>>> print(open('final.cif').read())   # mmCIF, C-alpha atoms
data_run
loop_
_atom_site.label_atom_id
_atom_site.label_comp_id
_atom_site.auth_asym_id
_atom_site.auth_seq_id
_atom_site.Cartn_x
_atom_site.Cartn_y
_atom_site.Cartn_z
CA MET A 1 8.42 54.73 152.25
CA LEU A 2 10.44 57.22 154.31
CA TYR A 3 8.47 59.87 156.15
CA TYR A 4 10.54 62.93 156.95
CA ILE A 5 9.27 64.91 159.96
CA PRO A 6 11.26 68.17 159.69
CA ILE A 7 11.74 70.96 162.17
CA GLU A 8 9.99 74.15 161.10
CA PRO A 9 12.38 75.94 158.72
CA LEU A 10 13.34 79.18 160.46
CA GLU A 11 15.73 81.41 158.55
CA GLU A 12 17.65 82.44 161.66
CA ARG A 13 18.29 78.83 162.68
CA TYR A 14 19.92 75.97 160.78
CA THR A 15 16.49 74.30 160.57
CA GLU A 16 15.90 76.10 157.28
CA GLN A 17 18.99 74.43 155.85
CA TRP A 18 18.03 71.00 157.18
CA TYR A 19 14.61 71.39 155.58
CA ARG A 20 16.35 71.59 152.17
CA TRP A 21 19.40 69.40 152.68
CA PHE A 22 17.74 66.18 153.82
CA PRO A 23 15.29 65.86 150.89
CA GLU A 24 18.19 66.56 148.54
CA GLU A 25 20.12 63.68 150.14
CA PHE A 26 17.05 61.40 150.01
CA LYS A 27 16.85 62.02 146.27
CA ARG A 28 20.57 61.44 145.84
CA GLN A 29 20.25 58.05 147.56
CA ASN A 30 17.13 57.19 145.50
CA LEU A 31 14.80 56.93 148.49
CA LYS A 32 11.06 57.19 148.12
CA PHE A 33 10.00 59.76 150.68
CA LYS A 34 7.27 62.09 151.84
CA VAL A 35 7.78 65.30 153.84
CA ILE A 36 5.20 65.85 156.57
CA ASP A 37 4.96 69.58 157.25
CA GLY A 38 3.19 71.45 159.98
CA GLU A 39 2.02 75.03 160.31
CA THR A 40 3.72 77.76 162.32
CA LEU A 41 2.34 80.54 164.49
CA THR A 42 5.45 82.65 163.92
CA ASN A 43 8.60 82.31 161.86
CA THR A 44 10.82 83.97 164.46
CA VAL A 45 11.85 82.96 167.99
CA GLU A 46 9.59 85.04 170.24
CA THR A 47 9.45 82.72 173.27
CA GLY A 48 12.35 80.31 173.55
CA THR A 49 15.91 80.02 172.24
CA PHE A 50 16.37 77.24 169.66
CA LEU A 51 12.75 77.45 168.46
CA ASP A 52 9.67 79.40 169.47
CA VAL A 53 8.13 77.11 172.09
CA ASN A 54 4.52 77.95 171.26
CA SER A 55 4.92 77.78 167.51
CA THR A 56 6.90 74.53 167.55
CA LEU A 57 4.19 72.78 169.59
CA PHE A 58 1.62 73.98 167.09
CA TYR A 59 3.78 72.83 164.17
CA LYS A 60 4.42 69.39 165.67
CA SER A 61 0.74 68.93 166.52
CA GLU A 62 -0.16 69.51 162.88
CA GLN A 63 2.47 66.96 161.83
CA LEU A 64 1.12 64.41 164.30
CA LYS A 65 -2.43 64.89 162.99
CA LYS A 66 -1.23 64.08 159.47
CA ILE A 67 0.63 60.99 160.70
CA ALA A 68 -2.47 59.71 162.49
CA GLU A 69 -4.47 60.27 159.31
CA LEU A 70 -1.94 58.27 157.30
CA PHE A 71 -2.33 55.34 159.69
CA TYR A 72 -6.11 55.70 159.54
CA LYS A 73 -6.09 55.62 155.73
CA LYS A 74 -3.86 52.49 155.77
CA GLU A 75 -1.14 54.37 153.89
CA ILE A 76 1.54 53.42 156.42
CA LYS A 77 2.98 50.04 155.49
CA HIS A 78 5.03 47.36 157.21
CA GLY A 79 8.68 48.46 157.29
CA ASP A 80 8.08 52.16 156.63
CA VAL A 81 10.57 54.55 158.22
CA PHE A 82 9.98 57.76 160.17
CA PHE A 83 12.84 60.24 160.56
CA ILE A 84 12.18 62.87 163.24
CA ALA A 85 14.57 65.79 162.72
CA ASP A 86 14.27 66.77 166.40
CA ILE A 87 13.44 64.12 169.00
CA GLU A 88 12.04 66.86 171.23
CA PHE A 89 8.78 65.95 169.52
CA TRP A 90 6.04 65.85 172.15
CA GLY A 91 3.78 63.08 170.92
CA ILE A 92 6.51 60.89 169.47
CA GLU A 93 5.20 58.06 171.61
CA ALA A 94 1.97 58.29 169.60
CA ILE A 95 3.80 57.10 166.45
CA ARG A 96 5.00 53.97 168.24
CA TYR A 97 1.55 53.63 169.77
CA LEU A 98 -0.11 53.81 166.34
CA SER A 99 2.41 51.35 164.94
CA ASP A 100 1.96 48.78 167.69
CA LEU A 101 -1.83 48.95 167.98
CA ASN A 102 -2.37 48.92 164.22
CA ASN A 103 0.04 45.98 163.98
CA ILE A 104 2.15 47.82 161.40
CA PRO A 105 5.83 47.58 162.39
CA VAL A 106 7.78 50.71 161.47
CA ARG A 107 11.26 52.02 162.20
CA ILE A 108 11.67 55.36 163.98
CA TYR A 109 14.89 57.40 163.89
CA GLY A 110 15.56 60.83 165.33
CA PHE A 111 18.21 63.47 165.83
CA CYS A 112 18.86 64.76 169.35
CA HIS A 113 19.99 68.39 169.54
CA ALA A 114 19.67 68.95 173.30
CA GLY A 115 17.32 68.22 176.18
CA SER A 116 16.27 69.20 179.66
CA TYR A 117 19.62 67.82 180.90
CA THR A 118 21.50 70.51 178.93
CA ARG A 119 22.81 72.91 181.54
CA GLU A 120 21.05 76.29 181.66
CA ASP A 121 19.13 75.47 178.51
CA PHE A 122 15.74 77.15 178.15
CA PHE A 123 14.16 73.69 178.48
CA GLU A 124 16.03 72.75 181.69
CA LYS A 125 13.14 73.91 183.86
CA CYS A 126 11.14 70.94 182.53
CA ALA A 127 13.66 68.35 183.80
CA PRO A 128 11.58 67.19 186.83
CA TYR A 129 9.18 65.48 184.42
CA ALA A 130 11.01 65.59 181.07
CA GLN A 131 13.70 63.25 182.42
CA TYR A 132 11.18 60.41 182.35
CA TYR A 133 9.96 60.73 178.80
CA GLU A 134 13.49 61.51 177.59
CA HIS A 135 14.48 58.14 179.03
CA ALA A 136 11.47 56.51 177.33
CA TRP A 137 12.69 57.77 173.96
CA GLY A 138 15.47 55.22 174.23
CA TYR A 139 12.78 52.55 173.83
CA ILE A 140 10.67 54.40 171.26
CA PHE A 141 13.47 55.17 168.79
CA ASP A 142 15.34 52.51 166.87
CA LYS A 143 18.30 54.89 166.66
CA ILE A 144 19.10 58.34 168.03
CA PHE A 145 21.68 60.43 166.17
CA VAL A 146 23.88 62.94 168.02
CA GLY A 147 26.58 65.36 166.97
CA SER A 148 29.38 64.54 169.39
CA ILE A 149 30.95 62.00 171.73
CA TYR A 150 30.21 64.43 174.55
CA HIS A 151 26.48 64.45 173.80
CA LYS A 152 26.31 60.66 173.58
CA GLN A 153 27.95 60.44 177.00
CA GLN A 154 25.42 62.93 178.38
CA LEU A 155 22.49 60.81 177.19
CA ILE A 156 23.99 57.62 178.61
CA LYS A 157 24.89 59.20 181.95
CA LEU A 158 21.91 61.50 182.54
CA ARG A 159 19.10 59.63 180.78
CA ASN A 160 20.37 56.07 181.12
CA LEU A 161 19.98 55.39 177.41
CA ASP A 162 21.43 52.27 175.82
CA SER A 163 24.68 53.25 174.11
CA SER A 164 23.92 50.96 171.18
CA LYS A 165 20.87 53.11 170.37
CA ILE A 166 22.98 56.26 170.00
CA GLU A 167 24.91 56.93 166.81
CA ILE A 168 27.51 59.73 166.60
CA THR A 169 27.19 61.33 163.18
CA GLY A 170 28.09 64.97 163.62
CA ASN A 171 25.43 67.52 162.81
CA PRO A 172 24.50 67.41 159.12
CA TYR A 173 26.00 70.21 157.10
CA ASP A 174 26.51 71.06 153.44
CA PHE A 175 30.17 72.04 153.72
CA VAL A 176 30.84 72.58 150.04
CA GLY A 177 27.61 74.47 149.35
CA VAL A 178 28.13 76.87 152.26
CA GLN A 179 31.82 77.34 151.53
CA ASN A 180 31.04 78.25 147.92
CA SER A 181 28.13 80.53 148.80
CA ILE A 182 30.32 83.65 149.02
CA PRO A 183 33.59 84.75 147.39
CA ILE A 184 36.84 84.58 149.35
CA LYS A 185 37.55 87.78 151.27
CA GLU A 186 40.70 89.17 152.84
CA LYS A 187 41.08 88.58 156.57
CA LYS A 188 40.92 91.54 158.97
CA ASN A 189 42.19 91.93 162.51
CA ARG A 190 38.71 91.09 163.68
CA VAL A 191 37.30 88.90 166.46
CA ILE A 192 33.69 87.78 166.10
CA LEU A 193 31.12 86.48 168.60
CA THR A 194 28.58 84.39 166.70
CA ASN A 195 26.76 82.56 169.51
CA ARG A 196 23.12 83.39 170.12
CA PRO A 197 23.12 85.92 172.99
CA ASP A 198 21.57 83.64 175.62
CA TYR A 199 23.12 83.51 179.08
CA GLU A 200 24.36 79.89 178.89
CA LYS A 201 26.63 81.10 176.08
CA ARG A 202 28.12 83.65 178.54
CA PRO A 203 28.27 86.52 176.02
CA ASN A 204 28.94 88.90 178.90
CA LEU A 205 32.33 87.25 179.44
CA THR A 206 33.16 87.53 175.75
CA LEU A 207 32.28 91.22 175.90
CA ASP A 208 34.72 91.60 178.82
CA VAL A 209 37.44 89.98 176.71
CA PHE A 210 36.66 92.33 173.83
CA THR A 211 36.94 95.30 176.19
CA ILE A 212 40.37 94.19 177.45
CA LEU A 213 41.69 93.60 173.94
CA LYS A 214 40.27 96.85 172.53
CA GLN A 215 42.19 98.83 175.14
CA LYS A 216 45.44 97.19 173.98
CA TYR A 217 44.64 97.12 170.26
CA PRO A 218 42.31 100.01 169.37
CA ASP A 219 42.57 99.26 165.64
CA TRP A 220 41.23 95.72 165.99
CA GLU A 221 37.54 95.06 165.29
CA PHE A 222 35.24 93.25 167.71
CA ILE A 223 31.78 92.36 166.47
CA VAL A 224 28.67 90.46 167.54
CA THR A 225 26.07 89.16 165.11
CA THR A 226 22.51 87.90 165.08
CA GLY A 227 19.81 87.11 162.58
CA ARG A 228 17.21 88.31 165.07
CA LYS A 229 15.84 91.84 165.05
CA GLN A 230 17.97 92.70 168.04
CA TRP A 231 20.98 91.19 169.80
CA GLY A 232 20.22 90.05 173.34
CA SER A 233 17.88 91.40 175.97
CA GLY A 234 17.97 92.86 179.46
CA TRP A 235 21.28 93.66 181.10
CA ILE A 236 23.32 91.71 178.53
CA ARG A 237 21.93 93.86 175.74
CA ASP A 238 22.42 97.01 177.83
CA LYS A 239 26.07 96.06 178.32
CA ALA A 240 26.58 95.45 174.60
CA LYS A 241 24.88 98.71 173.60
CA PHE A 242 27.05 100.63 176.09
CA LEU A 243 30.21 99.07 174.62
CA GLU A 244 29.02 99.93 171.13
CA GLN A 245 28.56 103.57 172.19
CA GLN A 246 32.13 103.46 173.51
CA ASN A 247 33.34 102.15 170.12
CA VAL A 248 34.52 98.89 171.66
CA ILE A 249 32.26 96.62 169.59
CA THR A 250 29.96 96.76 166.58
CA ILE A 251 26.60 95.00 166.71
CA TYR A 252 25.17 93.49 163.52
CA GLU A 253 21.45 92.75 163.91
CA GLY A 254 18.87 91.26 161.58
CA ILE A 255 21.48 90.04 159.11
CA SER A 256 21.02 87.23 156.59
CA LYS A 257 23.06 84.03 156.61
CA LEU A 258 25.08 85.23 153.65
CA GLU A 259 25.84 88.53 155.42
CA TYR A 260 26.85 86.54 158.48
CA PHE A 261 29.11 84.29 156.40
CA GLU A 262 30.82 87.35 154.89
CA LEU A 263 31.51 88.85 158.32
CA LEU A 264 32.76 85.49 159.56
CA GLN A 265 35.05 84.92 156.60
CA GLU A 266 36.68 88.34 157.05
CA SER A 267 37.39 87.59 160.73
CA LYS A 268 40.57 85.98 161.99
CA ILE A 269 39.17 84.72 165.29
CA MET A 270 35.81 83.40 166.49
CA THR A 271 35.54 82.96 170.25
CA SER A 272 33.01 81.42 172.63
CA ASN A 273 32.68 81.38 176.42
CA SER A 274 29.76 78.93 176.36
CA ILE A 275 29.37 76.73 179.45
CA GLU A 276 27.60 73.97 177.51
CA GLU A 277 27.78 72.75 173.94
CA ASN A 278 26.58 69.44 172.53
CA TYR A 279 27.72 70.50 169.07
CA GLY A 280 28.76 73.91 167.83
CA TYR A 281 27.54 75.01 164.41
CA CYS A 282 29.17 78.39 165.01
CA ILE A 283 32.49 76.61 165.52
CA LEU A 284 32.03 74.47 162.45
CA GLU A 285 31.13 77.48 160.28
CA ALA A 286 34.17 79.35 161.57
CA MET A 287 36.48 76.56 160.47
CA ILE A 288 34.78 76.32 157.07
CA PHE A 289 35.81 79.94 156.47
CA ASN A 290 39.30 79.54 158.00
CA THR A 291 38.39 81.58 161.07
CA ILE A 292 40.18 80.21 164.12
CA PRO A 293 37.89 79.15 167.01
CA VAL A 294 39.12 79.97 170.53
CA LEU A 295 36.89 78.08 172.95
CA SER A 296 36.22 77.37 176.61
CA ASN A 297 37.84 74.11 177.66
CA GLY A 298 35.17 71.43 177.93
CA TYR A 299 31.96 69.90 176.55
CA SER A 300 32.26 69.01 172.84
CA HIS A 301 34.86 71.73 172.22
CA PRO A 302 37.94 69.43 172.42
CA GLU A 303 36.37 67.36 169.63
CA PHE A 304 36.69 70.37 167.33
CA VAL A 305 40.02 71.99 168.18
CA GLY A 306 43.41 71.25 169.69
CA GLY A 307 44.39 72.12 173.24
CA SER A 308 46.25 75.28 172.23
CA LEU A 309 42.92 76.90 171.28
CA LEU A 310 41.13 76.01 174.53
CA PHE A 311 41.13 78.28 177.59
CA ASP A 312 40.23 77.82 181.26
CA ASN A 313 39.90 81.49 182.19
CA ILE A 314 39.64 84.96 180.66
CA GLU A 315 43.34 85.65 181.07
CA GLU A 316 44.19 82.62 178.92
CA GLN A 317 41.52 83.58 176.40
CA VAL A 318 42.94 87.07 175.97
CA LYS A 319 46.47 85.74 175.59
CA ILE A 320 45.50 83.10 172.98
CA ILE A 321 43.56 85.60 170.85
CA GLU A 322 46.34 88.17 171.13
CA ASN A 323 49.02 85.69 170.06
CA LEU A 324 46.97 84.30 167.18
CA ILE A 325 46.22 87.66 165.60
CA ASN A 326 49.75 88.98 166.06
CA SER A 327 51.21 85.88 164.37
CA PHE A 328 48.29 84.93 162.15
CA ASN A 329 49.20 82.00 159.93
CA LEU A 330 46.56 79.40 159.27
CA ASN A 331 49.08 76.78 158.26
CA LYS A 332 50.70 76.86 161.69
CA ILE A 333 47.51 76.85 163.77
CA ASN A 334 46.67 73.64 165.62
CA VAL A 335 43.06 73.42 164.46
CA ARG A 336 41.56 69.97 164.53
CA VAL A 337 39.58 70.13 161.32
CA HIS A 338 36.16 68.58 161.60
CA ASP A 339 36.89 65.68 159.26
CA LEU A 340 39.46 64.25 161.69
CA LEU A 341 36.48 63.20 163.80
CA PHE A 342 33.85 62.71 161.10
CA ASN A 343 34.25 62.59 157.36
CA ARG A 344 33.22 66.16 156.74
CA LEU A 345 31.27 65.33 153.59
CA ASP A 346 29.32 62.31 154.80
CA SER A 347 27.31 63.45 157.81
CA LEU A 348 24.07 63.68 155.83
CA GLU A 349 24.94 60.53 153.92
CA LYS A 350 25.73 58.61 157.09
CA ILE A 351 22.38 59.38 158.70
CA VAL A 352 20.33 58.67 155.59
CA SER A 353 22.12 55.35 155.03
CA PHE A 354 20.22 53.96 158.04
CA PHE A 355 16.88 54.47 156.29
CA HIS A 356 17.35 51.97 153.46
#
>>> encode(input="final.cif", output="structure tokens")
Amino acid sequence: MLYYIPIEPLEERYTEQWYRWFPEEFKRQNLKFKVIDGETLTNTVETGTFLDVNSTLFYKSEQLKKIAELFYKKEIKHGDVFFIADIEFWGIEAIRYLSDLNNIPVRIYGFCHAGSYTREDFFEKCAPYAQYYEHAWGYIFDKIFVGSIYHKQQLIKLRNLDSSKIEITGNPYDFVGVQNSIPIKEKKNRVILTNRPDYEKRPNLTLDVFTILKQKYPDWEFIVTTGRKQWGSGWIRDKAKFLEQQNVITIYEGISKLEYFELLQESKIMTSNSIEENYGYCILEAMIFNTIPVLSNGYSHPEFVGGSLLFDNIEEQVKIIENLINSFNLNKINVRVHDLLFNRLDSLEKIVSFFH
């Protein structure tokens, strides 16, 4: 039996998609499985960035209670498999504990999205103690899946994990389903910022780039998007709202994924000034809709695009975007399509193949 321990399915995050995609792949590969759900306190991110920190602890606690009950009822059998969709699962050691002390060997796999080692991440403040249990996960898990070479190197270097325990799979994604979710639209002279508006993504720098380009090309569109009720907070939001009042940018708030995909597909350029990225779903989605990603030079970014789309400073970023829009031709752009690194259709399949 495979026990799937999902992340709470939030509409604004890709966790909602994972909640659907993995069971679909389990069925396709004829696996017998059971989904172990939790309960949420909120279905939006109120405190945190990737997930709501209070609600996710509540959700995971409910999942762990159900797992303990399954062991108690002798329903867990020798050789059963647990797949933890996010290894930031406080209490994961309890599953190994229950397995060992009940003398029921099981296999435990998990996907690593980020950790307290991720620079300027919301969770970084926990590093003084999190570094120890993050290291212990290397012993608890039979295999840890990551999205990029960069992230694997981070885990080896900063958490001293055994490289043989870490499998690079890319982040699971239903390319075809997403690509076919909306009709093809005509491209506009539009640049889009799709990152969540947290400071480690440096949205303030992207707004500066938009301001420079708008002065030179007043007919171009510059937009920022979010599925949250409002884009950003504090001085970053104040800056964005000021630029919107000056007709430099347009802010799209509280939009659905389909609305986001439509805006993305109509855009010629997606750009990011992020200072850290283990894997970029925003980048991947841009390429799915033939929107060219212009990215800061480092992290996992070179695994997605060629050097001509990477910048080291704002001046280079402005020049690259300017040249791309003025001579827009997808066939001549040096975009390293995702399937040059991973087979773009087998990321889900590759992970699930370990569970047989």
>>> resolve_selection(input="final.cif", expression="the PyMOL selection byres ((chain A and resi 318) around 10)", output="PyMOL selection string")
chain A and resi 206+208-210+212-213+294+311+313-317+319-323
>>> closest_residue(input="final.cif", among="A:Val53, A:Ile168, A:Ile108, A:Ala127", to="Glu8 (chain A)", atoms="all atoms listed in the file")
A:Val53
>>> resolve_selection(input="final.cif", expression="the PyMOL selection byres ((chain A and resi 291) around 9)", output="list of chain:residue names")
A:Lys187, A:Leu264, A:Gln265, A:Glu266, A:Ser267, A:Lys268, A:Ile269, A:Met270, A:Ile283, A:Glu285, A:Ala286, A:Met287, A:Ile288, A:Phe289, A:Asn290, A:Ile292, A:Pro293, A:Leu330
>>> residues_around(input="final.cif", residues="Glu16 (chain A)", least_positions_apart="5", cutoff="12 Å", atoms="only C-alpha atoms", output="MDAnalysis selection string")
chainID A and resid 6:11 21:22 43:44 51 85 173 257
>>> resolve_selection(input="final.cif", expression="the PyMOL selection byres ((chain A and resi 181) around 12)", output="VMD selection string")
chain A and resid 174 to 180 182 to 184 257 to 262 265 288 to 289
>>> residues_around(input="final.cif", residues="Thr225 (chain A)", least_positions_apart="4", cutoff="12 Å", atoms="only C-alpha atoms", output="PyMOL selection string")
chain A and resi 12+191-197+203+229-232+240+249-257+259-264+270+282
>>> write_last_selection(input="final.cif", atoms="C-alpha atoms", output="PDB file, keeping the file's coordinate frame")
ATOM      1  CA  GLU A  12      17.650  82.440 161.660  1.00  0.00           C
ATOM      2  CA  VAL A 191      37.300  88.900 166.460  1.00  0.00           C
ATOM      3  CA  ILE A 192      33.690  87.780 166.100  1.00  0.00           C
ATOM      4  CA  LEU A 193      31.120  86.480 168.600  1.00  0.00           C
ATOM      5  CA  THR A 194      28.580  84.390 166.700  1.00  0.00           C
ATOM      6  CA  ASN A 195      26.760  82.560 169.510  1.00  0.00           C
ATOM      7  CA  ARG A 196      23.120  83.390 170.120  1.00  0.00           C
ATOM      8  CA  PRO A 197      23.120  85.920 172.990  1.00  0.00           C
ATOM      9  CA  PRO A 203      28.270  86.520 176.020  1.00  0.00           C
ATOM     10  CA  LYS A 229      15.840  91.840 165.050  1.00  0.00           C
ATOM     11  CA  GLN A 230      17.970  92.700 168.040  1.00  0.00           C
ATOM     12  CA  TRP A 231      20.980  91.190 169.800  1.00  0.00           C
ATOM     13  CA  GLY A 232      20.220  90.050 173.340  1.00  0.00           C
ATOM     14  CA  ALA A 240      26.580  95.450 174.600  1.00  0.00           C
ATOM     15  CA  ILE A 249      32.260  96.620 169.590  1.00  0.00           C
ATOM     16  CA  THR A 250      29.960  96.760 166.580  1.00  0.00           C
ATOM     17  CA  ILE A 251      26.600  95.000 166.710  1.00  0.00           C
ATOM     18  CA  TYR A 252      25.170  93.490 163.520  1.00  0.00           C
ATOM     19  CA  GLU A 253      21.450  92.750 163.910  1.00  0.00           C
ATOM     20  CA  GLY A 254      18.870  91.260 161.580  1.00  0.00           C
ATOM     21  CA  ILE A 255      21.480  90.040 159.110  1.00  0.00           C
ATOM     22  CA  SER A 256      21.020  87.230 156.590  1.00  0.00           C
ATOM     23  CA  LYS A 257      23.060  84.030 156.610  1.00  0.00           C
ATOM     24  CA  GLU A 259      25.840  88.530 155.420  1.00  0.00           C
ATOM     25  CA  TYR A 260      26.850  86.540 158.480  1.00  0.00           C
ATOM     26  CA  PHE A 261      29.110  84.290 156.400  1.00  0.00           C
ATOM     27  CA  GLU A 262      30.820  87.350 154.890  1.00  0.00           C
ATOM     28  CA  LEU A 263      31.510  88.850 158.320  1.00  0.00           C
ATOM     29  CA  LEU A 264      32.760  85.490 159.560  1.00  0.00           C
ATOM     30  CA  MET A 270      35.810  83.400 166.490  1.00  0.00           C
ATOM     31  CA  CYS A 282      29.170  78.390 165.010  1.00  0.00           C
TER      32      CYS A 282
END
>>> closest_residue(input="final.cif", among="A:Ile76, A:Leu309, A:Met1, A:Lys201", to="Lys32 (chain A)", atoms="all atoms listed in the file")
A:Met1
>>> closest_residue(input="final.cif", among="A:Ser296, A:Asn30, A:Gln246, A:Asn189", to="Gln215 (chain A)", atoms="only C-alpha atoms")
A:Gln246
>>> atom_distance(input="final.cif", atom1="CA of Phe304 (chain A)", atom2="CA of His151 (chain A)")
13.5 Å
>>> closest_residue(input="final.cif", among="A:Phe122, A:Phe82, A:Tyr299, A:Trp137", to="Asp162 (chain A)", atoms="all atoms listed in the file")
A:Trp137
>>> closest_residue(input="final.cif", among="A:Phe145, A:Phe123, A:Tyr150, A:Tyr217", to="Ser347 (chain A)", atoms="all atoms listed in the file")
A:Phe145
>>> residues_around(input="final.cif", residues="region 89-94 of chain A", least_positions_apart="6", cutoff="12 Å", atoms="only C-alpha atoms", output="number ranges by chain")
A: 5-8, 53, 56-65, 67-68, 71, 82-83, 100-102, 108-115, 130, 133-141
>>> closest_residue(input="final.cif", among="A:Ile87, A:Leu70, A:Tyr117, A:Val45", to="Ile156 (chain A)", atoms="all atoms listed in the file")
A:Tyr117
>>> atom_distance(input="final.cif", atom1="CA of His78 (chain A)", atom2="CA of Val106 (chain A)")
6.1 Å
>>> atom_distance(input="final.cif", atom1="CA of Glu244 (chain A)", atom2="CA of Pro218 (chain A)")
13.4 Å
>>> residues_around(input="final.cif", residues="Asn103 (chain A)", least_positions_apart="5", cutoff="10 Å", atoms="all atoms listed in the file", output="NGL selection string")
:A and (77-78 or 97-98)
>>> axis_aligned_box(input="final.cif", around="region 30-39 of chain A", padding_each_side="8 Å", output="JSON")
{"center_x": 9.6, "center_y": 66.0, "center_z": 152.9, "size_x": 31.1, "size_y": 34.1, "size_z": 30.8}
